[in-house]
Every structure is written in C-alpha cells, then in structure tokens.
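Asker: Got data-v1.pdb for you, PDB, C-alpha atoms:
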```
ATOM      1  CA  MET F   1     -26.714  95.848 263.057  1.00  0.00           C
ATOM      2  CA  LYS F   2     -24.122  96.424 260.339  1.00  0.00           C
ATOM      3  CA  TYR F   3     -24.339 100.204 260.064  1.00  0.00           C
ATOM      4  CA  THR F   4     -24.524 103.237 262.324  1.00  0.00           C
ATOM      5  CA  VAL F   5     -25.936 106.753 262.453  1.00  0.00           C
ATOM      6  CA  GLY F   6     -24.521 108.980 259.707  1.00  0.00           C
ATOM      7  CA  ASP F   7     -23.656 106.157 257.332  1.00  0.00           C
ATOM      8  CA  LYS F   8     -24.696 106.567 253.716  1.00  0.00           C
ATOM      9  CA  VAL F   9     -26.054 103.315 252.327  1.00  0.00           C
ATOM     10  CA  LYS F  10     -27.248 102.101 248.943  1.00  0.00           C
ATOM     11  CA  ILE F  11     -30.723 100.569 249.120  1.00  0.00           C
ATOM     12  CA  LYS F  12     -31.225  97.460 247.000  1.00  0.00           C
ATOM     13  CA  SER F  13     -33.404  97.831 243.923  1.00  0.00           C
ATOM     14  CA  TRP F  14     -36.952  96.534 244.140  1.00  0.00           C
ATOM     15  CA  GLU F  15     -36.146  93.945 241.468  1.00  0.00           C
ATOM     16  CA  GLN F  16     -33.132  92.741 243.482  1.00  0.00           C
ATOM     17  CA  MET F  17     -35.184  92.431 246.671  1.00  0.00           C
ATOM     18  CA  PHE F  18     -37.931  90.600 244.819  1.00  0.00           C
ATOM     19  CA  GLN F  19     -35.402  88.131 243.377  1.00  0.00           C
ATOM     20  CA  GLU F  20     -33.670  87.577 246.730  1.00  0.00           C
ATOM     21  CA  PHE F  21     -36.660  87.383 249.026  1.00  0.00           C
ATOM     22  CA  GLY F  22     -39.585  86.523 246.777  1.00  0.00           C
ATOM     23  CA  THR F  23     -43.126  86.897 248.050  1.00  0.00           C
ATOM     24  CA  ASP F  24     -43.678  83.447 249.536  1.00  0.00           C
ATOM     25  CA  ILE F  25     -41.218  83.655 252.451  1.00  0.00           C
ATOM     26  CA  ASP F  26     -42.750  83.755 255.910  1.00  0.00           C
ATOM     27  CA  GLY F  27     -41.452  86.082 258.599  1.00  0.00           C
ATOM     28  CA  ASP F  28     -39.775  89.460 258.660  1.00  0.00           C
ATOM     29  CA  ILE F  29     -38.343  89.480 255.157  1.00  0.00           C
ATOM     30  CA  LYS F  30     -41.716  88.857 253.522  1.00  0.00           C
ATOM     31  CA  CYS F  31     -43.273  91.494 255.739  1.00  0.00           C
ATOM     32  CA  ARG F  32     -40.655  94.062 254.817  1.00  0.00           C
ATOM     33  CA  THR F  33     -40.832  93.431 251.073  1.00  0.00           C
ATOM     34  CA  ASP F  34     -44.628  93.608 251.193  1.00  0.00           C
ATOM     35  CA  ILE F  35     -44.345  96.934 253.041  1.00  0.00           C
ATOM     36  CA  CYS F  36     -41.846  98.155 250.449  1.00  0.00           C
ATOM     37  CA  PHE F  37     -44.351  97.426 247.691  1.00  0.00           C
ATOM     38  CA  GLU F  38     -47.428  98.701 249.515  1.00  0.00           C
ATOM     39  CA  ASN F  39     -46.621 101.889 251.367  1.00  0.00           C
ATOM     40  CA  GLY F  40     -44.249 104.079 249.429  1.00  0.00           C
ATOM     41  CA  MET F  41     -40.835 102.662 250.320  1.00  0.00           C
ATOM     42  CA  ARG F  42     -40.520 101.324 246.804  1.00  0.00           C
ATOM     43  CA  LYS F  43     -39.656 104.750 245.385  1.00  0.00           C
ATOM     44  CA  TYR F  44     -36.500 104.778 247.535  1.00  0.00           C
ATOM     45  CA  CYS F  45     -35.288 101.390 246.273  1.00  0.00           C
ATOM     46  CA  GLY F  46     -31.981 101.729 244.421  1.00  0.00           C
ATOM     47  CA  GLU F  47     -31.302 105.121 246.022  1.00  0.00           C
ATOM     48  CA  THR F  48     -28.574 106.271 248.432  1.00  0.00           C
ATOM     49  CA  MET F  49     -29.906 107.151 251.889  1.00  0.00           C
ATOM     50  CA  THR F  50     -28.440 108.426 255.162  1.00  0.00           C
ATOM     51  CA  ILE F  51     -29.092 106.621 258.448  1.00  0.00           C
ATOM     52  CA  HIS F  52     -30.715 109.066 260.868  1.00  0.00           C
ATOM     53  CA  GLU F  53     -31.477 106.652 263.721  1.00  0.00           C
ATOM     54  CA  VAL F  54     -30.890 103.029 264.664  1.00  0.00           C
ATOM     55  CA  TYR F  55     -34.209 101.764 266.016  1.00  0.00           C
ATOM     56  CA  TYR F  56     -34.136  98.221 267.452  1.00  0.00           C
ATOM     57  CA  ASP F  57     -33.295  96.033 264.411  1.00  0.00           C
ATOM     58  CA  ASN F  58     -34.180  98.695 261.847  1.00  0.00           C
ATOM     59  CA  TYR F  59     -32.860 101.977 260.507  1.00  0.00           C
ATOM     60  CA  LYS F  60     -34.651 105.300 260.160  1.00  0.00           C
ATOM     61  CA  MET F  61     -33.469 107.300 257.157  1.00  0.00           C
ATOM     62  CA  LYS F  62     -33.059 111.058 256.705  1.00  0.00           C
ATOM     63  CA  GLU F  63     -34.410 111.170 253.163  1.00  0.00           C
ATOM     64  CA  ASP F  64     -37.866 109.747 254.028  1.00  0.00           C
ATOM     65  CA  ASN F  65     -38.064 111.729 257.291  1.00  0.00           C
ATOM     66  CA  GLY F  66     -37.770 108.529 259.329  1.00  0.00           C
ATOM     67  CA  ILE F  67     -41.189 107.280 258.238  1.00  0.00           C
ATOM     68  CA  TRP F  68     -40.187 103.787 257.128  1.00  0.00           C
ATOM     69  CA  ALA F  69     -38.152 101.075 258.821  1.00  0.00           C
ATOM     70  CA  TRP F  70     -35.245  99.699 256.772  1.00  0.00           C
ATOM     71  CA  SER F  71     -33.358  96.496 257.605  1.00  0.00           C
ATOM     72  CA  ASP F  72     -29.858  95.145 256.933  1.00  0.00           C
ATOM     73  CA  GLU F  73     -31.370  92.787 254.342  1.00  0.00           C
ATOM     74  CA  MET F  74     -32.597  95.745 252.296  1.00  0.00           C
ATOM     75  CA  ILE F  75     -29.199  97.498 252.132  1.00  0.00           C
ATOM     76  CA  GLU F  76     -26.784  96.621 249.332  1.00  0.00           C
ATOM     77  CA  TYR F  77     -23.607  98.323 250.588  1.00  0.00           C
ATOM     78  CA  LEU F  78     -22.094 101.223 252.501  1.00  0.00           C
ATOM     79  CA  VAL F  79     -21.433 104.304 250.369  1.00  0.00           C
ATOM     80  CA  CYS F  80     -18.172 106.034 251.271  1.00  0.00           C
ATOM     81  CA  ASP F  81     -17.180 109.511 250.197  1.00  0.00           C
ATOM     82  CA  ASP F  82     -13.729 109.781 248.624  1.00  0.00           C
ATOM     83  CA  VAL F  83     -11.088 110.271 251.306  1.00  0.00           C
ATOM     84  CA  THR F  84      -7.451 111.358 251.209  1.00  0.00           C
ATOM     85  CA  ILE F  85      -4.712 109.693 253.259  1.00  0.00           C
ATOM     86  CA  ASP F  86      -1.457 111.576 253.845  1.00  0.00           C
ATOM     87  CA  VAL F  87       1.521 109.230 253.467  1.00  0.00           C
ATOM     88  CA  LYS F  88       5.168 109.734 254.459  1.00  0.00           C
ATOM     89  CA  TYR F  89       7.504 107.251 252.767  1.00  0.00           C
ATOM     90  CA  HIS F  90      10.540 105.988 254.669  1.00  0.00           C
ATOM     91  CA  ALA F  91      11.979 103.881 251.862  1.00  0.00           C
ATOM     92  CA  ASP F  92      12.404 103.941 248.112  1.00  0.00           C
ATOM     93  CA  ILE F  93       9.524 101.595 247.354  1.00  0.00           C
ATOM     94  CA  ALA F  94       6.568 101.726 244.969  1.00  0.00           C
ATOM     95  CA  HIS F  95       3.970 104.201 246.179  1.00  0.00           C
ATOM     96  CA  LEU F  96       0.610 103.035 247.473  1.00  0.00           C
ATOM     97  CA  GLU F  97      -2.051 102.542 244.852  1.00  0.00           C
ATOM     98  CA  LYS F  98      -5.702 101.528 244.991  1.00  0.00           C
ATOM     99  CA  ILE F  99      -6.333  98.907 242.320  1.00  0.00           C
ATOM    100  CA  GLU F 100      -9.653  98.723 240.477  1.00  0.00           C
ATOM    101  CA  GLN F 101     -10.518  95.216 241.688  1.00  0.00           C
ATOM    102  CA  GLY F 102     -10.871  94.691 245.429  1.00  0.00           C
ATOM    103  CA  ASP F 103     -10.893  97.052 248.385  1.00  0.00           C
ATOM    104  CA  TRP F 104      -7.522  96.144 249.931  1.00  0.00           C
ATOM    105  CA  ILE F 105      -4.298  98.035 249.213  1.00  0.00           C
ATOM    106  CA  ASP F 106      -0.963  96.202 249.026  1.00  0.00           C
ATOM    107  CA  LEU F 107       1.917  96.983 251.384  1.00  0.00           C
ATOM    108  CA  ARG F 108       5.550  96.165 250.608  1.00  0.00           C
ATOM    109  CA  SER F 109       8.610  95.232 252.588  1.00  0.00           C
ATOM    110  CA  ALA F 110      10.871  98.267 252.926  1.00  0.00           C
ATOM    111  CA  GLU F 111      13.986  96.168 253.535  1.00  0.00           C
ATOM    112  CA  ASP F 112      15.792  92.990 252.533  1.00  0.00           C
ATOM    113  CA  VAL F 113      15.103  90.305 255.136  1.00  0.00           C
ATOM    114  CA  ILE F 114      16.595  86.855 255.751  1.00  0.00           C
ATOM    115  CA  LEU F 115      14.790  84.689 258.291  1.00  0.00           C
ATOM    116  CA  ASN F 116      15.546  81.193 259.532  1.00  0.00           C
ATOM    117  CA  PHE F 117      12.863  78.813 260.765  1.00  0.00           C
ATOM    118  CA  GLY F 118      11.371  80.196 263.992  1.00  0.00           C
ATOM    119  CA  ASP F 119      12.855  83.674 263.570  1.00  0.00           C
ATOM    120  CA  TYR F 120      10.716  86.699 264.432  1.00  0.00           C
ATOM    121  CA  LYS F 121      11.142  90.171 262.984  1.00  0.00           C
ATOM    122  CA  MET F 122       9.196  93.419 262.778  1.00  0.00           C
ATOM    123  CA  ILE F 123       9.529  94.052 259.045  1.00  0.00           C
ATOM    124  CA  SER F 124       9.268  97.704 258.073  1.00  0.00           C
ATOM    125  CA  LEU F 125       6.548  98.487 255.544  1.00  0.00           C
ATOM    126  CA  GLY F 126       8.171 101.841 254.827  1.00  0.00           C
ATOM    127  CA  VAL F 127       5.155 104.091 255.366  1.00  0.00           C
ATOM    128  CA  ALA F 128       3.609 106.298 258.040  1.00  0.00           C
ATOM    129  CA  MET F 129       0.097 107.612 257.481  1.00  0.00           C
ATOM    130  CA  GLN F 130      -2.430 110.113 258.749  1.00  0.00           C
ATOM    131  CA  LEU F 131      -5.723 108.262 258.512  1.00  0.00           C
ATOM    132  CA  PRO F 132      -8.962 110.221 258.064  1.00  0.00           C
ATOM    133  CA  GLU F 133     -10.769 111.222 261.241  1.00  0.00           C
ATOM    134  CA  GLY F 134     -13.159 108.501 262.348  1.00  0.00           C
ATOM    135  CA  TYR F 135     -11.335 105.673 260.559  1.00  0.00           C
ATOM    136  CA  GLU F 136      -8.890 102.949 261.530  1.00  0.00           C
ATOM    137  CA  ALA F 137      -6.785 100.634 259.356  1.00  0.00           C
ATOM    138  CA  HIS F 138      -6.860  96.838 259.340  1.00  0.00           C
ATOM    139  CA  VAL F 139      -3.628  95.197 258.166  1.00  0.00           C
ATOM    140  CA  ALA F 140      -3.481  91.539 257.135  1.00  0.00           C
ATOM    141  CA  PRO F 141      -1.171  89.251 255.143  1.00  0.00           C
ATOM    142  CA  ARG F 142      -1.881  88.888 251.443  1.00  0.00           C
ATOM    143  CA  SER F 143      -3.438  85.569 250.455  1.00  0.00           C
ATOM    144  CA  SER F 144      -0.129  84.473 248.872  1.00  0.00           C
ATOM    145  CA  THR F 145       2.181  85.655 251.672  1.00  0.00           C
ATOM    146  CA  PHE F 146       2.563  82.314 253.424  1.00  0.00           C
ATOM    147  CA  LYS F 147       2.868  80.391 250.151  1.00  0.00           C
ATOM    148  CA  ASN F 148       5.561  82.723 248.822  1.00  0.00           C
ATOM    149  CA  PHE F 149       7.529  83.480 251.992  1.00  0.00           C
ATOM    150  CA  GLY F 150       6.476  81.041 254.713  1.00  0.00           C
ATOM    151  CA  ILE F 151       5.739  83.827 257.202  1.00  0.00           C
ATOM    152  CA  ILE F 152       2.658  84.636 259.248  1.00  0.00           C
ATOM    153  CA  LEU F 153       1.567  87.869 260.896  1.00  0.00           C
ATOM    154  CA  VAL F 154       1.784  86.805 264.530  1.00  0.00           C
ATOM    155  CA  ASN F 155      -1.130  88.837 265.895  1.00  0.00           C
ATOM    156  CA  GLY F 156      -3.466  87.639 263.150  1.00  0.00           C
ATOM    157  CA  ILE F 157      -4.488  91.111 262.035  1.00  0.00           C
ATOM    158  CA  GLY F 158      -3.066  94.533 262.798  1.00  0.00           C
ATOM    159  CA  ILE F 159      -5.281  97.395 263.992  1.00  0.00           C
ATOM    160  CA  ILE F 160      -3.957 100.932 263.477  1.00  0.00           C
ATOM    161  CA  ASP F 161      -6.033 103.865 264.710  1.00  0.00           C
ATOM    162  CA  ASN F 162      -5.718 107.402 263.413  1.00  0.00           C
ATOM    163  CA  SER F 163      -3.790 108.619 266.484  1.00  0.00           C
ATOM    164  CA  TYR F 164      -0.800 106.585 265.217  1.00  0.00           C
ATOM    165  CA  CYS F 165       0.133 109.331 262.795  1.00  0.00           C
ATOM    166  CA  GLY F 166       3.570 110.782 263.555  1.00  0.00           C
ATOM    167  CA  ASP F 167       6.389 110.989 261.024  1.00  0.00           C
ATOM    168  CA  ASP F 168       8.141 108.038 262.652  1.00  0.00           C
ATOM    169  CA  ASP F 169       5.038 105.929 263.317  1.00  0.00           C
ATOM    170  CA  ILE F 170       6.143 103.483 260.644  1.00  0.00           C
ATOM    171  CA  TRP F 171       3.838 100.590 259.839  1.00  0.00           C
ATOM    172  CA  ARG F 172       5.436  97.192 260.372  1.00  0.00           C
ATOM    173  CA  PHE F 173       4.695  93.521 259.783  1.00  0.00           C
ATOM    174  CA  PRO F 174       5.405  91.333 262.871  1.00  0.00           C
ATOM    175  CA  ALA F 175       6.585  88.223 261.024  1.00  0.00           C
ATOM    176  CA  LEU F 176       7.261  84.706 262.246  1.00  0.00           C
ATOM    177  CA  CYS F 177       9.009  82.352 259.824  1.00  0.00           C
ATOM    178  CA  LEU F 178       7.489  78.849 259.681  1.00  0.00           C
ATOM    179  CA  LYS F 179       9.404  77.687 256.621  1.00  0.00           C
ATOM    180  CA  GLN F 180      11.838  74.886 257.523  1.00  0.00           C
ATOM    181  CA  GLU F 181      14.499  76.047 255.077  1.00  0.00           C
ATOM    182  CA  GLY F 182      14.081  79.696 256.001  1.00  0.00           C
ATOM    183  CA  THR F 183      13.017  82.520 253.717  1.00  0.00           C
ATOM    184  CA  VAL F 184      14.273  85.570 251.869  1.00  0.00           C
ATOM    185  CA  ILE F 185      12.133  88.670 251.473  1.00  0.00           C
ATOM    186  CA  LYS F 186      13.387  91.360 249.136  1.00  0.00           C
ATOM    187  CA  LYS F 187      12.803  95.085 249.432  1.00  0.00           C
ATOM    188  CA  GLY F 188       9.662  95.895 247.476  1.00  0.00           C
ATOM    189  CA  ASP F 189       8.048  92.465 247.855  1.00  0.00           C
ATOM    190  CA  ARG F 190       4.327  92.677 248.590  1.00  0.00           C
ATOM    191  CA  ILE F 191       3.734  90.948 251.916  1.00  0.00           C
ATOM    192  CA  ALA F 192       0.668  92.630 253.408  1.00  0.00           C
ATOM    193  CA  GLN F 193      -2.506  94.527 252.595  1.00  0.00           C
ATOM    194  CA  PHE F 194      -4.740  97.027 254.367  1.00  0.00           C
ATOM    195  CA  ARG F 195      -8.067  98.764 254.210  1.00  0.00           C
ATOM    196  CA  ILE F 196      -9.612 101.568 256.255  1.00  0.00           C
ATOM    197  CA  VAL F 197     -12.747 100.974 258.288  1.00  0.00           C
ATOM    198  CA  LYS F 198     -15.081 103.347 260.104  1.00  0.00           C
ATOM    199  CA  LYS F 199     -14.660 103.267 263.871  1.00  0.00           C
ATOM    200  CA  GLN F 200     -17.516 101.792 265.848  1.00  0.00           C
ATOM    201  CA  PRO F 201     -19.862 104.218 267.595  1.00  0.00           C
ATOM    202  CA  ASP F 202     -19.655 104.949 271.312  1.00  0.00           C
ATOM    203  CA  ILE F 203     -20.891 101.940 273.265  1.00  0.00           C
ATOM    204  CA  ARG F 204     -22.465 101.661 276.684  1.00  0.00           C
ATOM    205  CA  PHE F 205     -22.669  98.372 278.575  1.00  0.00           C
ATOM    206  CA  LYS F 206     -25.717  97.487 280.660  1.00  0.00           C
ATOM    207  CA  GLU F 207     -25.652  94.578 283.095  1.00  0.00           C
ATOM    208  CA  VAL F 208     -28.756  92.376 283.002  1.00  0.00           C
ATOM    209  CA  GLU F 209     -29.905  89.268 284.827  1.00  0.00           C
ATOM    210  CA  HIS F 210     -31.002  87.451 281.669  1.00  0.00           C
ATOM    211  CA  LEU F 211     -30.571  87.787 277.911  1.00  0.00           C
ATOM    212  CA  GLU F 212     -33.545  87.510 275.579  1.00  0.00           C
ATOM    213  CA  GLY F 213     -31.879  85.196 273.053  1.00  0.00           C
ATOM    214  CA  THR F 214     -32.019  81.392 272.867  1.00  0.00           C
ATOM    215  CA  ASN F 215     -28.942  79.424 273.959  1.00  0.00           C
ATOM    216  CA  ARG F 216     -27.122  77.874 271.000  1.00  0.00           C
ATOM    217  CA  GLY F 217     -24.823  75.599 272.996  1.00  0.00           C
ATOM    218  CA  GLY F 218     -21.795  77.832 273.394  1.00  0.00           C
ATOM    219  CA  ILE F 219     -18.654  78.350 271.311  1.00  0.00           C
ATOM    220  CA  GLY F 220     -17.580  75.224 269.451  1.00  0.00           C
ATOM    221  CA  SER F 221     -21.025  73.620 269.452  1.00  0.00           C
ATOM    222  CA  THR F 222     -21.852  73.985 265.747  1.00  0.00           C
ATOM    223  CA  GLY F 223     -20.110  70.807 264.570  1.00  0.00           C
ATOM    224  CA  VAL F 224     -18.028  70.235 261.433  1.00  0.00           C
ATOM    225  CA  ASN F 225     -20.562  69.227 258.745  1.00  0.00           C
TER     226      ASN F 225
END
```
So, in terms of structure tokens, how does the structure I just supplied come out?
Answerer:
Amino acid sequence: MKYTVGDKVKIKSWEQMFQEFGTDIDGDIKCRTDICFENGMRKYCGETMTIHEVYYDNYKMKEDNGIWAWSDEMIEYLVCDDVTIDVKYHADIAHLEKIEQGDWIDLRSAEDVILNFGDYKMISLGVAMQLPEGYEAHVAPRSSTFKNFGIILVNGIGIIDNSYCGDDDIWRFPALCLKQEGTVIKKGDRIAQFRIVKKQPDIRFKEVEHLEGTNRGGIGSTGVN
C-alpha cells in the first residue's frame, strides 16, 4: 500500500480511469471501475479525499463515510499541505529555492574542495534545518553530479530525520572521488538535491510459519531481458 491513514489523496477522474483501465480487463481493476460507475463512487472521482482506514488492499475514506473501497490504482497522487522549513545558513551561498519543475530542491557545496582520485571528504552543504513534524529528508546526488565532478555519495542516499535539527547539525555530502585526474568543486556548486517525505506509520512484526504469496525465485531471478 502506497499511502497511510491521514493522507490526503487526489482520486483520478472517471475519464482517466476509463482510459487507463477500460471495461474489458478481467480481475480487480475491472471490478473496481465497474463499482465506481455503478454504486456512487463516481461522484468522488477527481476529488481530494482523506484516508480514514487501511483495509487489506483498499482504503476507506473520510468523505464517503468509509462506504466504498478505494485502491492504489484509483489514486492519482498524494496531496500535501504547504509546509515551512526553518533553515540556518552556515555559509554565504544561494538560499534554498523550490523550482517550479520537479519536487527536488538543489543543495550546494559550502566550501571550495580539491579531491584526488580515491579521496573521501564530508563536504559541507552549508545548511541546518528543522524539518516539519512527521517528515524526514532524502538527500541524493544530482543527475549531473558524477558527470561534472566525478564524485559519488558513498552511502547511496542520505536519510535525515527531523530530530537532526540543532544549529550545528549541518547537512553534509559524504563524497568519494572516482575521477582519475581528480576534481575541483567550488563553493556554491550544486552537488546534491533533497526532498521531504512523510515518515512511515508505526509497524508491528508478526512471525508466521508460511506466507500467502507465490515464490518468485528470490532476488536476482528476474533475468536481464
């Protein structure tokens, strides 16, 4: 399930669901679109709704009093209220800005850096932030970072939760240089990007003797073509 209790989600329009699923598809999707047309769910298509309960592989919504069952396939996207992030800058760099295209926000090097092949350095990104309650940040290299600078972020992706919020909790880029001739990164260069993501709900683990799913062959069994 992609969403959790309390999430606001945009339901796909009836026309969009009709185009995506049609009426000739066997199985759950056909059943759900038929239900949408037949029993009153159609009036909610295209609307924003709030998840009241996660029920097996469906969602119960607040706005329809939990009468109908909505699926991931019927949801277009998560609707987020505007949020404010408090930022303390530790360097004279361009301030953070959300661009119109894309959800990720660029982060810049807060220092001049010279790295030789194989060198490792925690590059300061010059900011500390107080993330909104219930959110964490995911930090990743920009798509052009390796091409431009020959560095990788050694832990693949950085996870920053909202308890990392002191004045001196400066965000950093753990960089490894893989460029044979070395690299130069100037203060203000864009080397990373981040977005905020809702934390997952509380999870309980239950030990079982058998799982209900069908074995797919294990990790690495899907082939290359």
Asker: Measuring between only C-alpha atoms, which one of F:Leu211, F:Ile170, F:Ile157, F:Leu176 shows the shortest distance to Ala91 of chain F?
Answerer: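 Going through F:Leu211, F:Ile170, F:Ile157, F:Leu176 one by one, the smallest distance to Ala91 of chain F is for F:Ile170.
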Asker: Could you tell me which of F:Leu115, F:Ile123, F:Ala137, F:Val87 comes closest to Lys179 of chain F if we count all atoms listed in the file?
Answerer: F:Leu115
Asker: If the PyMOL selection byres ((chain F and resi 154) around 10) were run on this exact file, what residues would it hold? Put them as a list in words.
Answerer: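 With the shown file as input, the PyMOL selection byres ((chain F and resi 154) around 10) matches Tyr120, Ile151, Ile152, Leu153, Asn155, Gly156, Ile157, Gly158, Phe173, Pro174, Ala175, Leu176 and Cys177 of chain F.
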Asker: Keeping only C-alpha atoms, take the residues you just selected and write them out as a tab-separated table (two decimals), in the coordinates of the input.
Answerer:
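The result, stored in result26.tsv:
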```tsv
chain	number	residue	atom	x	y	z
F	120	TYR	CA	10.72	86.70	264.43
F	151	ILE	CA	5.74	83.83	257.20
F	152	ILE	CA	2.66	84.64	259.25
F	153	LEU	CA	1.57	87.87	260.90
F	155	ASN	CA	-1.13	88.84	265.90
F	156	GLY	CA	-3.47	87.64	263.15
F	157	ILE	CA	-4.49	91.11	262.04
F	158	GLY	CA	-3.07	94.53	262.80
F	173	PHE	CA	4.70	93.52	259.78
F	174	PRO	CA	5.40	91.33	262.87
F	175	ALA	CA	6.58	88.22	261.02
F	176	LEU	CA	7.26	84.71	262.25
F	177	CYS	CA	9.01	82.35	259.82
```
Asker: Calculated over all atoms listed in the file, which of the candidates F:Met74, F:Met61, F:Val9, F:Leu96 has the smallest distance to Gly188 of chain F?
Answerer: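 When distances to Gly188 of chain F are compared using all atoms listed in the file, the smallest one comes from F:Leu96.
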Asker: Output the residue selection produced by the PyMOL selection byres ((chain F and resi 116) around 8) on the file above, formatted as a list in words.
Answerer: Ile114, Leu115, Phe117, Gly118, Asp119, Cys177, Lys179, Gln180, Glu181, Gly182 and Thr183 of chain F
Asker: Taking into account only C-alpha atoms, which residue in the set F:Lys187, F:Ile67, F:Ala94, F:Gly166 is nearest to Glu53 of chain F?
Answerer: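 Among F:Lys187, F:Ile67, F:Ala94, F:Gly166, it is F:Ile67 that comes nearest to Glu53 of chain F.
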Asker: Determine, for each residue of segment 123-164 of chain F having at least one atom at most 10 Å from an atom of segment 100-113 of chain F, the closest pair of atoms and their separation in Å to one decimal, counting only C-alpha atoms; order by chain and ascending number, as a tab-separated table.
Answerer:
```
residue	atom	partner	partner_atom	distance
F:Ile123	CA	F:Ser109	CA	6.6
F:Ser124	CA	F:Ala110	CA	5.4
F:Leu125	CA	F:Ser109	CA	4.9
F:Gly126	CA	F:Ala110	CA	4.9
F:Val127	CA	F:Ala110	CA	8.5
F:His138	CA	F:Trp104	CA	9.5
F:Val139	CA	F:Leu107	CA	8.9
F:Ala140	CA	F:Trp104	CA	9.5
F:Pro141	CA	F:Leu107	CA	9.1
F:Arg142	CA	F:Asp106	CA	7.8
```
Asker: Pick from F:Ala192, F:Val79, F:Ile11, F:Met41: nearest to Gly66 of chain F, with only C-alpha atoms counted?
Answerer: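 Ranked by minimum distance to Gly66 of chain F, first place goes to F:Met41.
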Asker: Any idea what's packed within 7 Å of Val54 of chain F, counting only C-alpha atoms, ignoring anything in its chain fewer than 5 positions away? Could you give it as a list of chain:residue names?
Answerer: F:Thr4, F:Val5, F:Tyr59, F:Lys60
Asker: Excluding Ser71 of chain F and any residue of its chain fewer than 2 positions from it, enumerate the residues within 7 Å of it, using all atoms listed in the file, and give them as a list in words.
Answerer: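 Close residues of Ser71 of chain F: Asp57, Asn58, Tyr59, Ala69, Glu73, Met74 and Ile75 of chain F.
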Asker: What does the file look like for those residues with C-alpha atoms, as a short mmCIF file (atom, residue, chain, number, x, y, z; two decimals), keeping the file's coordinate frame?
Answerer:
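Final output, part_5.cif:
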```cif
data_model
loop_
_atom_site.label_atom_id
_atom_site.label_comp_id
_atom_site.auth_asym_id
_atom_site.auth_seq_id
_atom_site.Cartn_x
_atom_site.Cartn_y
_atom_site.Cartn_z
CA ASP F 57 -33.30 96.03 264.41
CA ASN F 58 -34.18 98.70 261.85
CA TYR F 59 -32.86 101.98 260.51
CA ALA F 69 -38.15 101.08 258.82
CA GLU F 73 -31.37 92.79 254.34
CA MET F 74 -32.60 95.74 252.30
CA ILE F 75 -29.20 97.50 252.13
#
```
Asker: Within 12 Å of segment 161-165 of chain F, which residues of segment 34-100 of chain F show up? Give each one with its shortest atom-to-atom distance in Å (one decimal) and the two atoms involved, counting only C-alpha atoms, rows by chain then rising residue number, as a Markdown table.
Answerer:
```
| residue | atom | partner | partner_atom | distance |
| --- | --- | --- | --- | --- |
| F:Ile85 | CA | F:Asn162 | CA | 10.5 |
| F:Asp86 | CA | F:Cys165 | CA | 9.4 |
| F:Val87 | CA | F:Cys165 | CA | 9.4 |
| F:Lys88 | CA | F:Cys165 | CA | 9.7 |
```
Asker: Would you save the residues from that selection as a PDB file, in the frame of the given file, using C-alpha atoms?
Answerer:
```pdb
ATOM      1  CA  ILE F  85      -4.712 109.693 253.259  1.00  0.00           C
ATOM      2  CA  ASP F  86      -1.457 111.576 253.845  1.00  0.00           C
ATOM      3  CA  VAL F  87       1.521 109.230 253.467  1.00  0.00           C
ATOM      4  CA  LYS F  88       5.168 109.734 254.459  1.00  0.00           C
TER       5      LYS F  88
END
```
Asker: Extract, using only C-alpha atoms, all DNA, RNA and protein residues at most 8 Å from Lys62 of chain F, discarding same-chain residues fewer than 6 positions from it, and format them as a PyMOL selection string.
Answerer: chain F and resi 49-52
Asker: Please evaluate the PyMOL selection byres ((chain F and resi 196-203) around 6) against the structure above and give the resulting residues as JSON, numbers by chain.
Answerer: {"F": [134, 135, 136, 137, 195, 204]}
Asker: Can you work out which one of F:Ser221, F:Ser13, F:Asn65, F:Gln19 has the shortest atom-to-atom distance to Cys45 of chain F, counting only C-alpha atoms?
Answerer: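 Nearest to Cys45 of chain F: F:Ser13.
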Asker: Could you tell me how far atom CA of Leu131 of chain F sits from atom CA of Ile191 of chain F, in Å to one decimal place?
Answerer: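 Straight-line distance from atom CA of Ile191 of chain F to atom CA of Leu131 of chain F works out to 20.8 Å.
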Asker: Taking all atoms of segment 90-107 of chain F that the file lists and extending 5 Å past them on each side, where is the centre of the axis-aligned box and how long are its edges? Answer in Å to one decimal, as AutoDock Vina command-line options.
Answerer:
```
--center_x 0.8 --center_y 100.3 --center_z 247.6 --size_x 33.3 --size_y 21.3 --size_z 24.2
```
Asker: Using atom CA of His95 of chain F and atom CA of Lys147 of chain F as the two end points, give the distance in Å to one decimal.
Answerer: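 Calculated distance between atom CA of His95 of chain F and atom CA of Lys147 of chain F is 24.2 Å.
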